[in-house]
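Novice: Have a peek at my_file37.txt (compact mmCIF, C-alpha atoms and all ligand atoms).
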# COMPACT_ATOMS: atom_id res chain seq x y z
CA MET A 6 -4.91 6.12 13.12
CA LEU A 7 -6.16 9.74 13.55
CA THR A 8 -3.60 12.50 13.21
CA ALA A 9 -4.08 16.23 13.58
CA CYS A 10 -1.21 18.18 12.12
CA LYS A 11 -1.05 21.90 12.98
CA LEU A 12 -4.85 21.83 12.87
CA GLY A 13 -6.37 25.24 13.62
CA LYS A 14 -9.48 27.32 13.05
CA GLN A 15 -9.73 31.08 12.99
CA TYR A 16 -12.95 33.07 12.67
CA LYS A 17 -13.29 36.81 12.13
CA THR A 18 -13.56 37.10 15.90
CA GLY A 19 -10.22 35.32 16.45
CA TRP A 20 -8.80 31.84 16.90
CA ALA A 21 -11.40 29.31 18.04
CA LEU A 22 -8.61 26.70 18.03
CA ARG A 23 -4.93 27.56 17.75
CA PRO A 24 -2.89 25.15 15.59
CA LEU A 25 -2.30 21.88 17.44
CA SER A 26 -0.92 18.46 16.63
CA LEU A 27 -2.24 15.16 18.02
CA GLU A 28 -2.02 11.45 17.34
CA LEU A 29 -4.84 9.21 18.50
CA GLY A 30 -5.02 5.42 18.30
CA PRO A 31 -8.07 3.18 18.82
CA GLY A 32 -9.75 3.62 22.21
CA LEU A 33 -11.86 6.12 24.10
CA HIS A 34 -10.32 9.58 24.35
CA GLY A 35 -11.83 12.25 26.58
CA LEU A 36 -11.92 15.94 25.69
CA LEU A 37 -12.14 18.47 28.52
CA GLY A 38 -12.07 22.23 28.82
CA PRO A 39 -14.13 25.15 30.07
CA ASN A 40 -16.89 26.79 28.00
CA GLY A 41 -15.50 28.34 24.85
CA ALA A 42 -12.21 26.40 25.08
CA GLY A 43 -12.55 25.16 21.48
CA LYS A 44 -13.77 21.58 22.10
CA SER A 45 -16.66 21.61 19.61
CA THR A 46 -14.44 23.37 17.08
CA LEU A 47 -11.80 20.63 17.42
CA LEU A 48 -14.45 17.90 17.11
CA ARG A 49 -16.01 19.52 14.04
CA LEU A 50 -12.56 19.81 12.43
CA LEU A 51 -11.73 16.17 13.23
CA ALA A 52 -15.11 15.08 11.83
CA GLY A 53 -14.40 16.99 8.62
CA MET A 54 -17.49 19.16 9.18
CA VAL A 55 -15.62 22.47 8.82
CA ALA A 56 -12.56 23.45 6.81
CA PRO A 57 -9.45 24.18 8.88
CA THR A 58 -7.67 27.52 8.62
CA THR A 59 -4.33 25.77 9.13
CA GLY A 60 -3.14 22.18 8.88
CA ASP A 61 -5.27 19.09 8.41
CA ALA A 62 -6.66 16.02 10.16
CA LEU A 63 -5.84 12.65 8.65
CA LEU A 64 -7.66 9.38 9.25
CA ARG A 65 -5.59 6.39 8.12
CA GLY A 66 -3.49 8.84 6.10
CA SER A 67 -6.37 10.54 4.20
CA SER A 68 -7.86 13.94 4.98
CA VAL A 69 -11.07 13.69 7.03
CA ARG A 70 -12.60 16.21 4.60
CA ASP A 71 -12.14 13.64 1.80
CA PHE A 72 -13.77 10.95 3.95
CA ARG A 73 -16.81 13.15 4.40
CA ARG A 74 -17.01 14.08 0.72
CA SER A 75 -16.82 10.42 -0.30
CA GLY A 76 -19.89 9.33 1.72
CA SER A 77 -18.27 9.37 5.15
CA ARG A 78 -17.09 6.62 7.45
CA ILE A 79 -17.00 9.07 10.33
CA GLY A 80 -19.71 9.07 12.98
CA TYR A 81 -20.45 12.46 14.50
CA LEU A 82 -22.94 13.33 17.22
CA PRO A 83 -23.31 17.11 17.54
CA GLN A 84 -24.11 18.76 20.87
CA ASN A 85 -27.73 19.34 19.90
CA ILE A 86 -29.43 16.61 17.96
CA ARG A 87 -32.71 17.09 16.17
CA VAL A 88 -35.02 14.18 15.43
CA LEU A 89 -38.33 14.65 13.65
CA PRO A 90 -40.92 13.78 16.33
CA GLN A 91 -43.17 11.75 14.03
CA PHE A 92 -40.32 9.38 13.09
CA SER A 93 -39.63 6.25 15.09
CA ALA A 94 -36.01 5.40 15.87
CA ARG A 95 -36.09 2.64 13.28
CA GLN A 96 -37.54 4.93 10.57
CA TRP A 97 -35.04 7.65 11.43
CA LEU A 98 -32.05 5.31 11.28
CA LEU A 99 -33.24 3.56 8.08
CA HIS A 100 -33.56 7.00 6.50
CA ALA A 101 -30.03 7.93 7.66
CA ALA A 102 -28.68 4.60 6.36
CA SER A 103 -30.35 5.08 2.98
CA LEU A 104 -28.66 8.48 2.63
CA GLN A 105 -25.30 6.74 2.95
CA GLY A 106 -26.26 4.46 0.05
CA GLY A 107 -24.28 1.54 -1.34
CA GLU A 108 -25.98 -1.27 0.63
CA SER A 109 -29.01 -3.47 0.03
CA ALA A 110 -32.22 -2.72 1.96
CA ALA A 111 -31.79 -6.00 3.88
CA GLU A 112 -28.25 -5.06 4.89
CA ARG A 113 -29.42 -1.60 6.02
CA ARG A 114 -32.15 -3.17 8.15
CA ARG A 115 -29.62 -5.55 9.71
CA LYS A 116 -27.24 -2.68 10.55
CA VAL A 117 -30.04 -0.54 11.99
CA ASP A 118 -31.14 -3.41 14.24
CA GLU A 119 -27.52 -3.88 15.31
CA VAL A 120 -27.05 -0.25 16.41
CA LEU A 121 -30.51 -0.16 18.02
CA GLU A 122 -29.46 -3.13 20.11
CA GLN A 123 -26.11 -1.51 20.95
CA VAL A 124 -27.83 1.56 22.40
CA ASN A 125 -30.58 -0.52 24.01
CA LEU A 126 -33.44 0.97 21.98
CA LEU A 127 -34.70 -2.17 20.24
CA GLY A 128 -37.72 -2.37 22.57
CA GLU A 129 -38.85 1.17 21.69
CA ALA A 130 -37.62 1.17 18.08
CA ASP A 131 -41.07 1.62 16.59
CA LEU A 132 -42.38 4.32 18.93
CA PRO A 133 -42.53 7.86 17.46
CA ALA A 134 -39.62 9.94 18.78
CA ARG A 135 -42.00 12.40 20.46
CA HIS A 136 -42.53 9.71 23.13
CA TYR A 137 -38.80 9.43 23.84
CA SER A 138 -37.16 10.73 26.97
CA TYR A 139 -34.15 13.03 26.68
CA GLY A 140 -31.82 10.08 27.33
CA MET A 141 -33.50 7.93 24.68
CA THR A 142 -33.13 10.74 22.13
CA LYS A 143 -29.44 11.01 22.98
CA ARG A 144 -29.07 7.25 22.56
CA LEU A 145 -30.81 7.51 19.20
CA GLY A 146 -28.26 10.20 18.22
CA VAL A 147 -25.43 7.89 19.24
CA ALA A 148 -27.03 5.07 17.22
CA GLN A 149 -27.10 7.35 14.18
CA ALA A 150 -23.44 8.28 14.70
CA LEU A 151 -22.55 4.59 15.13
CA LEU A 152 -24.24 3.77 11.82
CA SER A 153 -21.72 5.85 9.93
CA ALA A 154 -18.76 5.30 12.24
CA GLY A 155 -16.14 3.28 10.45
CA ASP A 156 -12.84 3.99 12.12
CA LEU A 157 -13.86 7.18 13.91
CA LEU A 158 -16.72 8.13 16.23
CA ILE A 159 -16.97 11.66 17.60
CA VAL A 160 -19.52 12.56 20.26
CA ASP A 161 -19.98 16.09 21.58
CA GLU A 162 -21.32 16.16 25.16
CA PRO A 163 -23.48 13.03 24.78
CA THR A 164 -24.04 12.66 28.52
CA ALA A 165 -25.12 16.26 29.23
CA GLY A 166 -28.47 16.28 31.05
CA LEU A 167 -28.65 12.51 31.45
CA ASP A 168 -29.55 10.81 34.73
CA PRO A 169 -26.81 8.59 36.25
CA GLU A 170 -28.26 5.34 34.88
CA GLU A 171 -28.52 6.69 31.34
CA ARG A 172 -25.03 8.14 31.63
CA ILE A 173 -23.54 4.81 32.66
CA ARG A 174 -25.43 3.06 29.86
CA LEU A 175 -24.11 5.53 27.30
CA ARG A 176 -20.56 5.25 28.63
CA ARG A 177 -20.75 1.47 28.16
CA VAL A 178 -21.93 1.91 24.55
CA LEU A 179 -19.02 4.25 23.83
CA ALA A 180 -16.48 1.96 25.52
CA GLU A 181 -17.72 -0.94 23.38
CA ALA A 182 -17.52 1.19 20.23
CA ALA A 183 -13.95 2.15 21.19
CA ALA A 184 -12.77 -1.47 21.11
CA THR A 185 -12.21 -1.23 17.36
CA ARG A 186 -12.04 2.47 16.52
CA VAL A 187 -11.01 5.93 17.69
CA VAL A 188 -13.77 7.42 19.85
CA LEU A 189 -13.61 11.02 21.01
CA LEU A 190 -15.88 12.08 23.85
CA SER A 191 -16.29 15.71 24.82
CA THR A 192 -17.83 16.30 28.23
CA HIS A 193 -17.94 18.60 31.23
CA VAL A 194 -18.47 15.59 33.49
CA LEU A 195 -15.10 14.46 34.79
CA GLY A 196 -16.67 11.28 36.11
CA ASP A 197 -17.34 10.20 32.51
CA ILE A 198 -13.67 10.57 31.64
CA GLY A 199 -12.37 8.93 34.81
CA ALA A 200 -14.69 5.96 34.41
CA SER A 201 -14.04 5.14 30.80
CA CYS A 202 -11.14 6.99 29.12
CA SER A 203 -7.51 6.02 29.25
CA GLU A 204 -6.39 9.21 27.52
CA VAL A 205 -7.57 12.76 27.85
CA ILE A 206 -7.09 15.98 25.91
CA VAL A 207 -7.54 19.31 27.72
CA LEU A 208 -8.13 22.58 25.89
CA GLY A 209 -8.19 26.06 27.36
CA GLU A 210 -8.85 29.29 25.46
CA GLY A 211 -8.31 27.55 22.13
CA ARG A 212 -4.98 26.00 23.16
CA LEU A 213 -3.91 22.42 23.80
CA LEU A 214 -3.04 22.32 27.50
CA TYR A 215 -2.63 18.58 28.02
CA HIS A 216 -2.76 15.30 26.14
CA GLY A 217 -1.96 12.12 28.01
CA SER A 218 -3.17 9.59 30.54
CA THR A 219 -5.89 10.32 33.11
CA GLN A 220 -3.35 9.49 35.84
CA GLY A 221 -1.04 12.10 34.34
CA LEU A 222 -3.80 14.70 34.56
CA ALA A 223 -4.56 13.81 38.18
CA GLY A 224 -0.81 14.10 38.78
CA PHE A 225 -0.96 17.89 38.35
CA ALA A 226 -2.39 17.98 41.89
CA GLU A 227 0.18 15.49 43.26
CA ASP A 228 1.65 16.73 46.58
CA ARG A 229 -0.86 19.60 46.67
CA THR A 230 -4.02 17.75 47.69
CA TRP A 231 -4.65 17.71 51.43
CA ALA A 232 -7.23 16.21 53.76
CA TRP A 233 -7.77 16.78 57.47
CA GLU A 234 -10.42 16.78 60.14
CA THR A 235 -11.38 19.92 61.96
CA SER A 236 -13.88 21.02 64.58
CA GLU A 237 -17.05 22.99 63.92
CA ASN A 238 -15.50 26.10 65.56
CA GLU A 239 -12.26 26.00 63.56
CA TRP A 240 -14.20 25.33 60.38
CA ARG A 241 -16.23 28.52 60.90
CA ARG A 242 -13.02 30.58 61.20
CA MET A 243 -11.32 28.96 58.19
CA PRO A 244 -10.80 30.97 54.97
CA LEU A 245 -12.40 29.17 52.04
CA GLY A 246 -9.60 29.66 49.46
CA GLY A 247 -8.45 26.35 47.97
CA LEU A 248 -11.07 24.37 49.87
CA LEU A 249 -12.58 21.64 47.67
CA SER A 250 -15.01 19.99 50.04
CA ALA A 251 -16.08 19.84 53.67
CA ARG A 252 -18.11 16.89 54.85
CA ARG A 253 -19.58 16.45 58.33
CA THR A 254 -18.65 13.16 60.01
CA GLU A 255 -19.27 11.84 63.54
CA GLU A 256 -15.81 13.10 64.60
CA GLY A 257 -16.02 16.58 63.06
CA ILE A 258 -15.67 18.07 59.61
CA LEU A 259 -13.57 16.29 56.97
CA CYS A 260 -11.92 18.90 54.73
CA ARG A 261 -10.11 18.54 51.44
CA ALA A 262 -8.13 21.33 49.79
CA LEU A 263 -5.68 22.14 47.01
CA SER A 264 -2.73 24.11 48.26
CA ASP A 265 1.03 24.44 47.79
CA ARG A 266 1.59 24.15 51.55
CA PRO A 267 -0.30 22.36 54.35
CA PRO A 268 -3.56 24.26 54.95
CA SER A 269 -3.65 23.05 58.57
CA PRO A 270 -1.10 21.52 61.00
CA PHE A 271 -3.25 18.36 60.86
CA ALA A 272 -3.47 18.19 57.06
CA GLU A 273 -2.05 15.12 55.30
CA ARG A 274 -1.24 14.70 51.64
CA VAL A 275 -3.75 12.49 49.81
CA GLU A 276 -4.02 10.95 46.35
CA PRO A 277 -5.48 13.56 43.98
CA THR A 278 -8.55 12.85 41.85
CA LEU A 279 -8.86 13.61 38.15
CA GLU A 280 -10.96 16.64 39.03
CA GLU A 281 -8.27 17.99 41.35
CA GLY A 282 -5.59 17.51 38.66
CA TYR A 283 -7.82 19.27 36.14
CA LEU A 284 -8.46 22.17 38.53
CA MET A 285 -4.76 22.51 39.18
CA LEU A 286 -4.01 22.48 35.45
CA MET A 287 -6.63 25.12 34.77
CA ASN A 288 -5.07 27.19 37.54
CA ARG A 289 -8.44 27.92 39.07
CA GLN A 290 -7.45 27.26 42.62
CA PRO A 291 -5.80 29.91 44.79
CA SER A 292 -2.25 28.91 45.75
CA GLY A 293 -2.46 29.86 49.42
CA GLY A 294 -5.18 27.54 50.65
CA PRO A 295 -7.10 27.81 53.90
CA GLY A 296 -5.42 28.26 57.22
N1 LIG A 301 -18.93 29.69 13.70
C1 LIG A 301 -18.27 30.47 14.57
N2 LIG A 301 -18.05 31.77 14.28
C2 LIG A 301 -17.36 32.58 15.15
N3 LIG A 301 -16.86 32.14 16.32
C3 LIG A 301 -17.05 30.85 16.65
C4 LIG A 301 -17.76 29.96 15.81
N4 LIG A 301 -17.79 28.74 16.40
C5 LIG A 301 -17.12 28.88 17.57
N5 LIG A 301 -16.69 30.14 17.72
C6 LIG A 301 -15.95 30.67 18.87
O1 LIG A 301 -14.84 29.84 19.10
C7 LIG A 301 -14.63 29.66 20.49
C8 LIG A 301 -14.63 28.19 20.84
O2 LIG A 301 -15.96 27.71 20.70
P1 LIG A 301 -16.36 26.17 20.88
O3 LIG A 301 -17.82 26.04 20.64
O4 LIG A 301 -15.44 25.34 20.07
O5 LIG A 301 -16.03 25.96 22.44
P2 LIG A 301 -16.44 24.76 23.39
O6 LIG A 301 -15.20 24.42 24.18
O7 LIG A 301 -17.06 23.66 22.63
O8 LIG A 301 -17.48 25.43 24.36
P3 LIG A 301 -18.73 24.80 25.19
O9 LIG A 301 -18.13 23.97 26.29
O10 LIG A 301 -19.42 26.00 25.71
O11 LIG A 301 -19.56 24.01 24.23
C9 LIG A 301 -15.70 30.46 21.21
O12 LIG A 301 -15.16 31.71 21.57
C10 LIG A 301 -16.76 30.62 20.17
O13 LIG A 301 -17.47 31.82 20.34
Please, can you express the file's structure as structure tokens?
Ligand SMILES: Nc1ncnc2c1ncn2[C@@H]1O[C@H](COP(=O)(O)OP(=O)(O)OP(=O)(O)O)[C@@H](O)[C@H]1O

Specialist:
Amino acid sequence: MLTACKLGKQYKTGWALRPLSLELGPGLHGLLGPNGAGKSTLLRLLAGMVAPTTGDALLRGSSVRDFRRSGSRIGYLPQNIRVLPQFSARQWLLHAASLQGGESAAERRRKVDEVLEQVNLLGEADLPARHYSYGMTKRLGVAQALLSAGDLLIVDEPTAGLDPEERIRLRRVLAEAAATRVVLLSTHVLGDIGASCSEVIVLGEGRLLYHGSTQGLAGFAEDRTWAWETSENEWRRMPLGGLLSARRTEEGILCRALSDRPPSPFAERVEPTLEEGYLMLMNRQPSGGPG
């Protein structure tokens, strides 16, 4: 449904995103990568917000740039949303819907109520936005993106700064939206991806490093993730390289590490998490490990 073909963006300072090709079907797709990896650039290109230097992105066979020019059926939530504080959510969304044009006032009101309900803002729909919490403002941004999302919804770090309850709520909204369309979710929170995405894209320094299942990403740490229990004394002498966590239990200290070889004679291989696979892929962990 959404195809990127040799899609790339170069600024005077260099490549923000080196040419890459992708095919995405309906569902929730996660986008991961360190700061400056090119995530927002990719999302802006896929939303048709900026012109590519190379290649193109096609939605149902037509360039996303044409979609945007023709009134847009692409929902896009940028990293930083701005809502005029004197507007209520309902006023803000009715205004956004009227800019899209083409529908009767009654139909616009119906759609606005529908998205307000989806993001659970109906109860506060008539409060001025200055009274909204950070999470409510984010949900309003998602509602605005949903209003114009036909086949494609793109959200750039929607869960950043949200408390766990708000984050779960937002994830549910996105998962519901993904039932019928392509949804792309950029985040630094691996828990968001693990909980809701079946596919994940990883960028690093403007390059596509991985595109596939979340299990496949976790698999990068297969056979290199270890857990073992150690005493307080041994723990104090242990080098920290490769160590992921150390948790005190009644028996001692439960350690977990990424390493090519067993970090301790007592270490046993364990199932890697998504985070461990991501760390392995990004090559951030030292290969030696503790011990
Ligand atoms: N308009 C621009 N002009 C020049 N360089 C840009 C522009 N936009 C992005 N870049 C550069 O492209 C690279 C990728 O930036 P981008 O914002 O896409 O990364 P990101 O993965 O979204 O980062 P973050 O996680 O910090 O939001 C960075 O080096 C950035 O400085």

Novice: Given all atoms listed in the file, how would the per-residue table for chain A near ligand LIG 301 (chain A) read, listing every residue at most 9 Å away with its closest atom pair and distance in Å to one decimal, sorted by chain and number, as JSON lines?

Specialist:
{"residue": "A:Lys14", "atom": "CA", "partner": "A:LIG301", "partner_atom": "O1", "distance": 8.5}
{"residue": "A:Gln15", "atom": "CA", "partner": "A:LIG301", "partner_atom": "N3", "distance": 7.9}
{"residue": "A:Tyr16", "atom": "CA", "partner": "A:LIG301", "partner_atom": "C2", "distance": 5.1}
{"residue": "A:Lys17", "atom": "CA", "partner": "A:LIG301", "partner_atom": "C2", "distance": 6.6}
{"residue": "A:Thr18", "atom": "CA", "partner": "A:LIG301", "partner_atom": "C2", "distance": 6.0}
{"residue": "A:Gly19", "atom": "CA", "partner": "A:LIG301", "partner_atom": "N3", "distance": 7.4}
{"residue": "A:Trp20", "atom": "CA", "partner": "A:LIG301", "partner_atom": "O1", "distance": 6.7}
{"residue": "A:Ala21", "atom": "CA", "partner": "A:LIG301", "partner_atom": "O1", "distance": 3.6}
{"residue": "A:Leu22", "atom": "CA", "partner": "A:LIG301", "partner_atom": "C8", "distance": 6.8}
{"residue": "A:Leu37", "atom": "CA", "partner": "A:LIG301", "partner_atom": "O6", "distance": 8.0}
{"residue": "A:Gly38", "atom": "CA", "partner": "A:LIG301", "partner_atom": "O6", "distance": 6.0}
{"residue": "A:Pro39", "atom": "CA", "partner": "A:LIG301", "partner_atom": "O9", "distance": 5.6}
{"residue": "A:Asn40", "atom": "CA", "partner": "A:LIG301", "partner_atom": "O10", "distance": 3.5}
{"residue": "A:Gly41", "atom": "CA", "partner": "A:LIG301", "partner_atom": "O5", "distance": 3.4}
{"residue": "A:Ala42", "atom": "CA", "partner": "A:LIG301", "partner_atom": "O6", "distance": 3.7}
{"residue": "A:Gly43", "atom": "CA", "partner": "A:LIG301", "partner_atom": "O4", "distance": 3.2}
{"residue": "A:Lys44", "atom": "CA", "partner": "A:LIG301", "partner_atom": "O6", "distance": 3.8}
{"residue": "A:Ser45", "atom": "CA", "partner": "A:LIG301", "partner_atom": "O7", "distance": 3.7}
{"residue": "A:Thr46", "atom": "CA", "partner": "A:LIG301", "partner_atom": "O4", "distance": 3.7}
{"residue": "A:Leu47", "atom": "CA", "partner": "A:LIG301", "partner_atom": "O4", "distance": 6.5}
{"residue": "A:Leu48", "atom": "CA", "partner": "A:LIG301", "partner_atom": "O4", "distance": 8.1}
{"residue": "A:Arg49", "atom": "CA", "partner": "A:LIG301", "partner_atom": "O4", "distance": 8.4}
{"residue": "A:Gln84", "atom": "CA", "partner": "A:LIG301", "partner_atom": "O11", "distance": 7.7}
{"residue": "A:Asp161", "atom": "CA", "partner": "A:LIG301", "partner_atom": "O7", "distance": 8.2}
{"residue": "A:Glu162", "atom": "CA", "partner": "A:LIG301", "partner_atom": "O11", "distance": 8.1}
{"residue": "A:Ser191", "atom": "CA", "partner": "A:LIG301", "partner_atom": "O7", "distance": 8.3}
{"residue": "A:Thr192", "atom": "CA", "partner": "A:LIG301", "partner_atom": "O9", "distance": 7.9}
{"residue": "A:His193", "atom": "CA", "partner": "A:LIG301", "partner_atom": "O9", "distance": 7.3}
{"residue": "A:Leu208", "atom": "CA", "partner": "A:LIG301", "partner_atom": "O6", "distance": 7.5}
{"residue": "A:Gly209", "atom": "CA", "partner": "A:LIG301", "partner_atom": "O6", "distance": 7.9}
{"residue": "A:Glu210", "atom": "CA", "partner": "A:LIG301", "partner_atom": "C8", "distance": 7.5}
{"residue": "A:Gly211", "atom": "CA", "partner": "A:LIG301", "partner_atom": "C8", "distance": 6.5}

Novice: Within 9 Å of Glu171 (chain A), counting only C-alpha atoms, which residues show up once you throw out same-chain ones fewer than 4 positions away? Write them as a CSV table (one decimal) with C-alpha atoms, in the coordinates of the input, please.

Specialist:
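Just written: around_37.csv:
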chain,number,residue,atom,x,y,z
A,140,GLY,CA,-31.8,10.1,27.3
A,141,MET,CA,-33.5,7.9,24.7
A,144,ARG,CA,-29.1,7.2,22.6
A,164,THR,CA,-24.0,12.7,28.5
A,167,LEU,CA,-28.6,12.5,31.4
A,175,LEU,CA,-24.1,5.5,27.3
A,176,ARG,CA,-20.6,5.2,28.6

Novice: Restricting the calculation to all atoms listed in the file: of A:Gly66, A:Pro270, A:Gly60, A:Pro90, which residue gets closest to Pro133 (chain A)?

Specialist: A:Pro90

Novice: May I ask which of the residues A:Ser269, A:Ser26, A:Gln220, A:Ser201 is the closest one to Leu12 (chain A), counting all atoms listed in the file?

Specialist: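 Checking each of A:Ser269, A:Ser26, A:Gln220, A:Ser201 against Leu12 (chain A), counting all atoms listed in the file, the winner is A:Ser26.
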
Novice: Dig up all the protein and nucleic acid residues within 8 Å of (-5.2, 15.9, 43.0) in the file frame, using only C-alpha atoms, and format them as a PyMOL selection string.

Specialist: chain A and resi 223-230+263+275-282+285

Novice: Would you please work out which residue, of A:Leu214, A:Leu89, A:Pro31, A:Trp231, is nearest to Arg266 (chain A) when using all atoms listed in the file?

Specialist: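 Using all atoms listed in the file, Arg266 (chain A) sits closest to A:Trp231.
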
Novice: Do you have the CA of Lys116 (chain A)-CA of Ser203 (chain A) distance handy?

Specialist: 28.5 Å

Novice: Tell me, in Å to one decimal, how far CA of Val147 (chain A) is from CA of Leu25 (chain A).

Specialist: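 About the pair CA of Val147 (chain A) and CA of Leu25 (chain A): they are 27.1 Å apart.
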
Novice: I want to know what sits within 10 Å of Ile86 (chain A), based on only C-alpha atoms, with residues of the same chain fewer than 3 positions away left out; could you give that as a ChimeraX atom specification?

Specialist: /A:82-83,142-143,145-147,163
